[in-house]
Amino acid sequence: MGTKLSELQKEKIREIDDIASVSFNQEQKAIAKKIIENTPDSDLHEVFNFITQRVKLGFVFDEAPEVNHNAISFVRENENLNINITNLENLAGNIEHKLIIGENYDALKNLLVTHYEKIDVIYIDPPYNTEAMKGDGNDYKDEISANKFIYRDKFTRNGWLNMMNERLKLARKLLKDSGVIFISIDDTEQAYLKVLCDEIFGEGNFVCDFIRKTKSTTNDAKTGVNIQHENCLCYAKDKSKINLLGGEKDLSKYSNPDNDPNGAWVSDNPSAKSGTMENGYFGVTNPYTCKVDYPPQGRFWLFSQNTMQKHINEGRICFKKEYKENERGFIYKRYLKDLKTTKKTFDSLKFISNEFMNQAATKELLSLEMAELFTYPKPIEFIKGILSHATNKDSIILDFFAGSGTTAQAVMELNTEDGGKRECILVTNNENNIAINVTRERLYRVINGKGSNGEPIKWQYSKDKKYLSDNSVRVFEVETHELSLNDLEKAQDLTNIAKGELQKLNPEYDINDELKIYSELASLNPQKDK
């Protein structure tokens with residue numbers, strides 16, 4: 001006779017039975033039920049969540065790779081790749097950015113040592129997991145190099161979500177409490193990515209799904225639908241601590257031609273579509289001409305009769321002595337002083353005009369003589385639009401899918417425009433030599449006004465400032481070292497080296513702090529076929 005099950009245990013067992021067999025097979029369910037049967041009610045919720053973690057989001061993750069405690073990865077500066085560090089590092093006004101070349105998981109772990117809860121804004125444009133990108137993926141039949149985890153098939157949904165899951169968990173730890181992350185994504189994975197982000201950042205910290213117009217036409221005519229957009233998901237570390245107002249509203253229409261003691265004003269519409277006949281529909285009489293105005297057809301006054309009279313007494317409603325036949329006999333003044341803020345709101349449809357389309361980004365690379373080296377870049381104005389709302393002048397911005405380096409150029413340009421001192425950290429792998437030939441090369445060209453081999457370029461920032469020479473880039477590469485658990489002497493040597501390099505990544509990093517090299521800088525195990 002088995003132990004009698006509690007009502008809570010019975011409920012959890014029923015929930016396990018309801019899990020689809022493609023996610024939990026019968027053997028897995030039997031094991032899970034056995035665990036539930038032997039777990040006291042006080043621990044049941046936590047245990048249940050743990051054993052069903054792989055399916056709780058509605059899709060299945062591949063088994064996550066384990067940390068390899070026999071190998072570590074840390075960044076090391078490559079002085080030969082630095083941009084203008086020697087020439088400008090001691091000059092006032094120079095802003096130093098960072099470029100890390102290597103596996104972004106390892107780079108993020110290094111940043112957790114130096115920049116834990118120090119990042120203001122993360123923007124990433126990860127691979128979109130589309131058929132067209134399969135040529136950039138890893139063949140699952142390929143031999144996998146030691147000490148490095150590679151997604152064997154990053155174009156299955158499971159592999160793609162697993163890749164994003166691990167990196168986003170690290171990214172969240174890097175954000176300040178007031179920090180935000182923006183993730184560009186198309187409809188292929190948007191819904192799945194949102195559920196994943198809800199899990200990592202919390203549903204309550206979802207901020208917005210911004211829409212960006214990507215093109216005017218599409219080559220896909222099979223369905224008759226012209227898909228012209230992609231998404232940009234925004235999440236906060238803590239939504240209660242963010243403020244995405246940014247940039248100044250156009251206040252040029254405000255003036256004070258009548259020397260109103262309340263200051264500058266604009267003439268505004270005193271009617272609205274919503275209202276009631278009882279409170280919002282009545283006549284307003286002009287004392288000079290006896291003209292009686294009623295709200296336009298289908299509309300109501302914004303105010304009740306009492307409030308309207310109050311505005312008349314205050315001079316907010318100002319009667320005209322002369323007016324055209326079809327004009328109202330009064331002006332409703334909206335005062336500049338009554339604005340809650342002079343900053344612009346961050347509209348979800350801010351990026352639907354043509355200046356944010358892909359072709360704008362292509363033209364930018366053309367002017368840099370680099371269009372043939374990179375496909376699907378993001379327009380600079382798109383990234384600047386995000387940063388103008390999400391950053392202060394001294395913010396730190398991270399992009400760990402750096403691609404063509406648009407984010408860093410956007411940061412440099414925005415600093416030039418508003419006198420900011422924002423710093424950018426880029427992370428990219430070097431697949432097909434993208435880090436050297438594209439990411440670094442672009443930064444070199446916008447900083448020096450020419451290619452790294454002296455090639456002339458058409459691009460210039462402005463007539464008065466041809467290139468962004470008051471910036472420099474310190475370049476790091478991720479190194480992986482074999483390190484057994486009992487090799488303490490080697491561990492100490494590598495720890496000393498790593499600390500010196502990490503201080504270059506962030507000069508405020510204290511090399512006297514303890515560095516648990518085996519855990520904090522541990523690499524991932526490679527995943528091999530079983």
# chains A, B, ... in the order shown; residues from 1 in each chain; ligands from 1

$ residues_around --residues "Asp238 of chain A" --least-positions-apart "5" --cutoff "9 Å" --atoms "only C-alpha atoms" --output "ChimeraX atom specification"
/A:176-180,201,204-205

$ write_last_selection --atoms "C-alpha atoms" --output "mmCIF file, in the first residue's frame"
data_model
loop_
_atom_site.group_PDB
_atom_site.id
_atom_site.type_symbol
_atom_site.label_atom_id
_atom_site.label_comp_id
_atom_site.auth_asym_id
_atom_site.auth_seq_id
_atom_site.Cartn_x
_atom_site.Cartn_y
_atom_site.Cartn_z
ATOM 1 C CA LYS A 176 21.911 48.390 -14.122
ATOM 2 C CA ASP A 177 18.587 48.304 -12.301
ATOM 3 C CA SER A 178 17.586 51.209 -14.564
ATOM 4 C CA GLY A 179 18.964 49.460 -17.659
ATOM 5 C CA VAL A 180 17.107 48.357 -20.776
ATOM 6 C CA PHE A 201 13.330 39.576 -17.497
ATOM 7 C CA GLY A 204 6.074 42.917 -15.948
ATOM 8 C CA ASN A 205 9.339 44.318 -17.333
#

$ select_by_dssp --residues "segment 394-448 of chain A" --states "alpha helix (DSSP H)" --output "list in words"
Thr406, Thr407, Ala408, Gln409, Ala410, Val411, Met412, Glu413, Leu414, Asn415, Thr416, Glu417, Asp418, Ile434, Glu441, Arg442, Leu443, Tyr444, Arg445, Val446, Ile447 and Asn448 of chain A

$ select_by_dssp --residues "segment 166-280 of chain A" --states "strand (DSSP E or B)" --output "ChimeraX atom specification"
/A:175-185,206-213,229-236,246-248,255,265-268,271-272

$ write_last_selection --atoms "N, CA and C atoms" --output "compact mmCIF listing (two decimals), in the first residue's frame"
# COMPACT_ATOMS: atom_id res chain seq x y z
N LEU A 175 23.08 44.50 -16.77
CA LEU A 175 22.31 45.73 -16.77
C LEU A 175 22.22 46.36 -15.38
N LYS A 176 22.28 47.68 -15.34
CA LYS A 176 21.91 48.39 -14.12
C LYS A 176 20.43 48.13 -13.82
N ASP A 177 20.00 48.45 -12.62
CA ASP A 177 18.59 48.30 -12.30
C ASP A 177 17.72 49.19 -13.21
N SER A 178 18.30 50.29 -13.66
CA SER A 178 17.59 51.21 -14.56
C SER A 178 17.88 50.91 -16.03
N GLY A 179 18.55 49.79 -16.29
CA GLY A 179 18.96 49.46 -17.66
C GLY A 179 17.86 48.85 -18.50
N VAL A 180 18.05 48.92 -19.81
CA VAL A 180 17.11 48.36 -20.78
C VAL A 180 17.85 47.61 -21.87
N ILE A 181 17.16 46.64 -22.47
CA ILE A 181 17.72 45.89 -23.59
C ILE A 181 16.76 45.98 -24.78
N PHE A 182 17.31 46.16 -25.97
CA PHE A 182 16.56 46.20 -27.21
C PHE A 182 17.06 45.06 -28.10
N ILE A 183 16.13 44.29 -28.65
CA ILE A 183 16.50 43.13 -29.47
C ILE A 183 15.75 43.20 -30.80
N SER A 184 16.48 43.38 -31.88
CA SER A 184 15.86 43.35 -33.21
C SER A 184 15.57 41.91 -33.61
N ILE A 185 14.39 41.68 -34.17
CA ILE A 185 13.98 40.32 -34.53
C ILE A 185 12.87 40.40 -35.56
N PHE A 206 8.36 43.89 -19.53
CA PHE A 206 8.22 44.14 -20.96
C PHE A 206 7.83 45.60 -21.16
N VAL A 207 8.55 46.31 -22.03
CA VAL A 207 8.31 47.73 -22.24
C VAL A 207 7.52 47.98 -23.51
N CYS A 208 8.00 47.43 -24.63
CA CYS A 208 7.36 47.75 -25.90
C CYS A 208 7.90 46.84 -27.00
N ASP A 209 7.10 46.67 -28.03
CA ASP A 209 7.55 46.02 -29.27
C ASP A 209 7.54 47.09 -30.35
N PHE A 210 8.70 47.68 -30.59
CA PHE A 210 8.82 48.74 -31.59
C PHE A 210 8.79 48.12 -32.99
N ILE A 211 8.21 48.84 -33.92
CA ILE A 211 8.10 48.38 -35.31
C ILE A 211 9.02 49.23 -36.18
N ARG A 212 9.85 48.57 -36.98
CA ARG A 212 10.72 49.29 -37.92
C ARG A 212 10.37 48.91 -39.34
N LYS A 213 10.18 49.92 -40.19
CA LYS A 213 9.96 49.67 -41.61
C LYS A 213 11.28 49.25 -42.24
N HIS A 229 8.19 45.07 -42.47
CA HIS A 229 8.63 45.48 -41.14
C HIS A 229 9.36 44.36 -40.42
N GLU A 230 10.01 44.74 -39.34
CA GLU A 230 10.51 43.80 -38.35
C GLU A 230 10.30 44.42 -36.97
N ASN A 231 10.61 43.66 -35.95
CA ASN A 231 10.31 44.09 -34.59
C ASN A 231 11.58 44.43 -33.82
N CYS A 232 11.39 45.17 -32.76
CA CYS A 232 12.49 45.43 -31.82
C CYS A 232 11.89 45.37 -30.41
N LEU A 233 12.12 44.25 -29.73
CA LEU A 233 11.58 44.05 -28.39
C LEU A 233 12.41 44.84 -27.38
N CYS A 234 11.73 45.47 -26.43
CA CYS A 234 12.41 46.21 -25.38
C CYS A 234 11.96 45.69 -24.03
N TYR A 235 12.94 45.35 -23.18
CA TYR A 235 12.68 44.92 -21.81
C TYR A 235 13.54 45.75 -20.86
N ALA A 236 13.02 45.96 -19.65
CA ALA A 236 13.75 46.66 -18.61
C ALA A 236 14.24 45.67 -17.57
N GLY A 246 13.00 61.23 -24.45
CA GLY A 246 14.29 61.63 -24.99
C GLY A 246 14.17 62.62 -26.12
N GLY A 247 15.12 63.51 -26.24
CA GLY A 247 15.08 64.51 -27.29
C GLY A 247 14.05 65.58 -26.97
N GLU A 248 14.27 66.78 -27.43
CA GLU A 248 13.37 67.89 -27.14
C GLU A 248 12.25 67.99 -28.18
N SER A 255 4.50 80.93 -28.74
CA SER A 255 4.91 82.34 -28.73
C SER A 255 3.98 83.10 -27.78
N TRP A 265 2.34 80.43 -25.65
CA TRP A 265 1.18 79.56 -25.83
C TRP A 265 0.99 79.24 -27.31
N VAL A 266 0.17 78.24 -27.57
CA VAL A 266 -0.29 77.93 -28.93
C VAL A 266 -1.81 77.84 -28.89
N SER A 267 -2.43 78.14 -30.02
CA SER A 267 -3.88 77.99 -30.13
C SER A 267 -4.20 76.52 -30.38
N ASP A 268 -5.07 75.96 -29.53
CA ASP A 268 -5.36 74.53 -29.61
C ASP A 268 -6.84 74.30 -29.84
N SER A 271 -12.20 71.10 -28.70
CA SER A 271 -13.22 70.05 -28.80
C SER A 271 -12.60 68.68 -28.90
N ALA A 272 -13.44 67.67 -28.65
CA ALA A 272 -12.98 66.28 -28.70
C ALA A 272 -14.11 65.39 -29.21

$ residues_around --residues "Phe374 of chain A" --least-positions-apart "3" --cutoff "7 Å" --atoms "only C-alpha atoms" --output "ChimeraX atom specification"
/A:371,377,404

$ residues_around --residues "segment 351-364 of chain A" --least-positions-apart "4" --cutoff "12 Å" --atoms "only C-alpha atoms" --output "NGL selection string"
:A and (209-217 or 228-232 or 346-347 or 368-386 or 404-407 or 409-410 or 442 or 446 or 457-461)

$ write_last_selection --atoms "N, CA and C atoms" --output "tab-separated table (two decimals), in the first residue's frame"
chain	number	residue	atom	x	y	z
A	209	ASP	N	7.10	46.67	-28.03
A	209	ASP	CA	7.55	46.02	-29.27
A	209	ASP	C	7.54	47.09	-30.35
A	210	PHE	N	8.70	47.68	-30.59
A	210	PHE	CA	8.82	48.74	-31.59
A	210	PHE	C	8.79	48.12	-32.99
A	211	ILE	N	8.21	48.84	-33.92
A	211	ILE	CA	8.10	48.38	-35.31
A	211	ILE	C	9.02	49.23	-36.18
A	212	ARG	N	9.85	48.57	-36.98
A	212	ARG	CA	10.72	49.29	-37.92
A	212	ARG	C	10.37	48.91	-39.34
A	213	LYS	N	10.18	49.92	-40.19
A	213	LYS	CA	9.96	49.67	-41.61
A	213	LYS	C	11.28	49.25	-42.24
A	214	THR	N	11.29	48.09	-42.90
A	214	THR	CA	12.54	47.57	-43.47
A	214	THR	C	12.66	47.84	-44.97
A	215	LYS	N	11.53	47.86	-45.67
A	215	LYS	CA	11.57	48.05	-47.12
A	215	LYS	C	10.19	48.43	-47.63
A	216	SER	N	10.15	48.89	-48.88
A	216	SER	CA	8.88	49.28	-49.49
A	216	SER	C	8.25	48.14	-50.25
A	217	THR	N	9.07	47.26	-50.79
A	217	THR	CA	8.57	46.12	-51.55
A	217	THR	C	9.28	44.86	-51.09
A	228	GLN	N	6.79	44.40	-44.73
A	228	GLN	CA	7.68	45.56	-44.80
A	228	GLN	C	8.30	45.92	-43.46
A	229	HIS	N	8.19	45.07	-42.47
A	229	HIS	CA	8.63	45.48	-41.14
A	229	HIS	C	9.36	44.36	-40.42
A	230	GLU	N	10.01	44.74	-39.34
A	230	GLU	CA	10.51	43.80	-38.35
A	230	GLU	C	10.30	44.42	-36.97
A	231	ASN	N	10.61	43.66	-35.95
A	231	ASN	CA	10.31	44.09	-34.59
A	231	ASN	C	11.58	44.43	-33.82
A	232	CYS	N	11.39	45.17	-32.76
A	232	CYS	CA	12.49	45.43	-31.82
A	232	CYS	C	11.89	45.37	-30.41
A	346	PHE	N	8.67	58.13	-26.47
A	346	PHE	CA	9.26	57.13	-27.37
A	346	PHE	C	8.11	56.34	-27.99
A	347	ASP	N	7.71	56.74	-29.17
A	347	ASP	CA	6.54	56.15	-29.82
A	347	ASP	C	6.88	54.80	-30.43
A	368	LEU	N	31.11	54.08	-47.21
A	368	LEU	CA	32.33	53.63	-46.55
A	368	LEU	C	33.11	52.64	-47.40
A	369	GLU	N	32.61	52.39	-48.63
A	369	GLU	CA	33.22	51.42	-49.55
A	369	GLU	C	33.23	50.02	-48.95
A	370	MET	N	32.11	49.64	-48.26
A	370	MET	CA	32.08	48.34	-47.57
A	370	MET	C	30.78	47.57	-47.84
A	371	ALA	N	29.98	48.00	-48.78
A	371	ALA	CA	28.65	47.41	-48.97
A	371	ALA	C	28.72	45.93	-49.33
A	372	GLU	N	29.78	45.53	-50.02
A	372	GLU	CA	29.86	44.14	-50.45
A	372	GLU	C	30.31	43.20	-49.33
A	373	LEU	N	30.70	43.75	-48.20
A	373	LEU	CA	31.25	42.94	-47.11
A	373	LEU	C	30.21	42.51	-46.08
A	374	PHE	N	29.01	43.13	-46.09
A	374	PHE	CA	28.05	42.82	-45.03
A	374	PHE	C	26.64	43.02	-45.55
A	375	THR	N	25.76	42.06	-45.25
A	375	THR	CA	24.36	42.16	-45.64
A	375	THR	C	23.48	42.44	-44.42
A	376	TYR	N	22.36	43.06	-44.66
A	376	TYR	CA	21.36	43.35	-43.63
A	376	TYR	C	21.87	44.17	-42.45
A	377	PRO	N	22.62	45.26	-42.71
A	377	PRO	CA	23.00	46.13	-41.59
A	377	PRO	C	21.79	46.94	-41.13
A	378	LYS	N	21.88	47.50	-39.93
A	378	LYS	CA	20.84	48.39	-39.41
A	378	LYS	C	21.23	49.84	-39.67
A	379	PRO	N	20.26	50.70	-39.99
A	379	PRO	CA	20.58	52.11	-40.23
A	379	PRO	C	21.08	52.80	-38.96
A	380	ILE	N	22.00	53.71	-39.12
A	380	ILE	CA	22.54	54.45	-37.99
A	380	ILE	C	21.44	55.24	-37.28
A	381	GLU	N	20.53	55.84	-38.06
A	381	GLU	CA	19.47	56.66	-37.44
A	381	GLU	C	18.55	55.82	-36.57
A	382	PHE	N	18.39	54.55	-36.89
A	382	PHE	CA	17.59	53.65	-36.06
A	382	PHE	C	18.23	53.47	-34.68
A	383	ILE	N	19.53	53.17	-34.67
A	383	ILE	CA	20.24	52.97	-33.41
A	383	ILE	C	20.31	54.29	-32.64
A	384	LYS	N	20.57	55.40	-33.34
A	384	LYS	CA	20.61	56.70	-32.67
A	384	LYS	C	19.25	57.05	-32.08
A	385	GLY	N	18.19	56.66	-32.78
A	385	GLY	CA	16.85	56.92	-32.26
A	385	GLY	C	16.61	56.20	-30.95
A	386	ILE	N	17.08	54.96	-30.87
A	386	ILE	CA	16.97	54.20	-29.61
A	386	ILE	C	17.80	54.86	-28.51
A	404	SER	N	28.22	44.64	-38.26
A	404	SER	CA	29.00	45.63	-39.01
A	404	SER	C	29.46	46.79	-38.15
A	405	GLY	N	29.09	46.82	-36.88
A	405	GLY	CA	29.57	47.88	-35.99
A	405	GLY	C	28.72	49.13	-35.99
A	406	THR	N	27.49	49.04	-36.47
A	406	THR	CA	26.61	50.21	-36.53
A	406	THR	C	26.43	50.86	-35.17
A	407	THR	N	26.28	50.04	-34.13
A	407	THR	CA	26.00	50.59	-32.80
A	407	THR	C	27.11	51.53	-32.35
A	409	GLN	N	29.25	53.25	-34.22
A	409	GLN	CA	29.22	54.48	-35.00
A	409	GLN	C	28.08	55.38	-34.54
A	410	ALA	N	26.93	54.79	-34.22
A	410	ALA	CA	25.80	55.57	-33.74
A	410	ALA	C	26.14	56.27	-32.43
A	442	ARG	N	35.24	49.18	-40.21
A	442	ARG	CA	34.27	50.29	-40.23
A	442	ARG	C	34.64	51.34	-39.18
A	446	VAL	N	35.51	55.40	-39.91
A	446	VAL	CA	34.76	56.57	-39.43
A	446	VAL	C	35.59	57.41	-38.46
A	457	ILE	N	37.72	57.02	-48.99
A	457	ILE	CA	36.29	56.70	-48.85
A	457	ILE	C	35.47	57.96	-49.12
A	458	LYS	N	34.23	57.77	-49.52
A	458	LYS	CA	33.35	58.91	-49.80
A	458	LYS	C	32.72	59.47	-48.52
A	459	TRP	N	32.58	58.61	-47.52
A	459	TRP	CA	31.86	59.00	-46.31
A	459	TRP	C	32.54	60.13	-45.57
A	460	GLN	N	31.74	61.07	-45.07
A	460	GLN	CA	32.20	62.03	-44.09
A	460	GLN	C	31.04	62.36	-43.17
A	461	TYR	N	31.34	62.65	-41.92
A	461	TYR	CA	30.29	62.88	-40.95
A	461	TYR	C	29.51	64.15	-41.26

$ closest_residue --among "A:Leu515, A:Val473, A:Asn269, A:Pro507" --to "Gln492 of chain A" --atoms "only C-alpha atoms"
A:Leu515
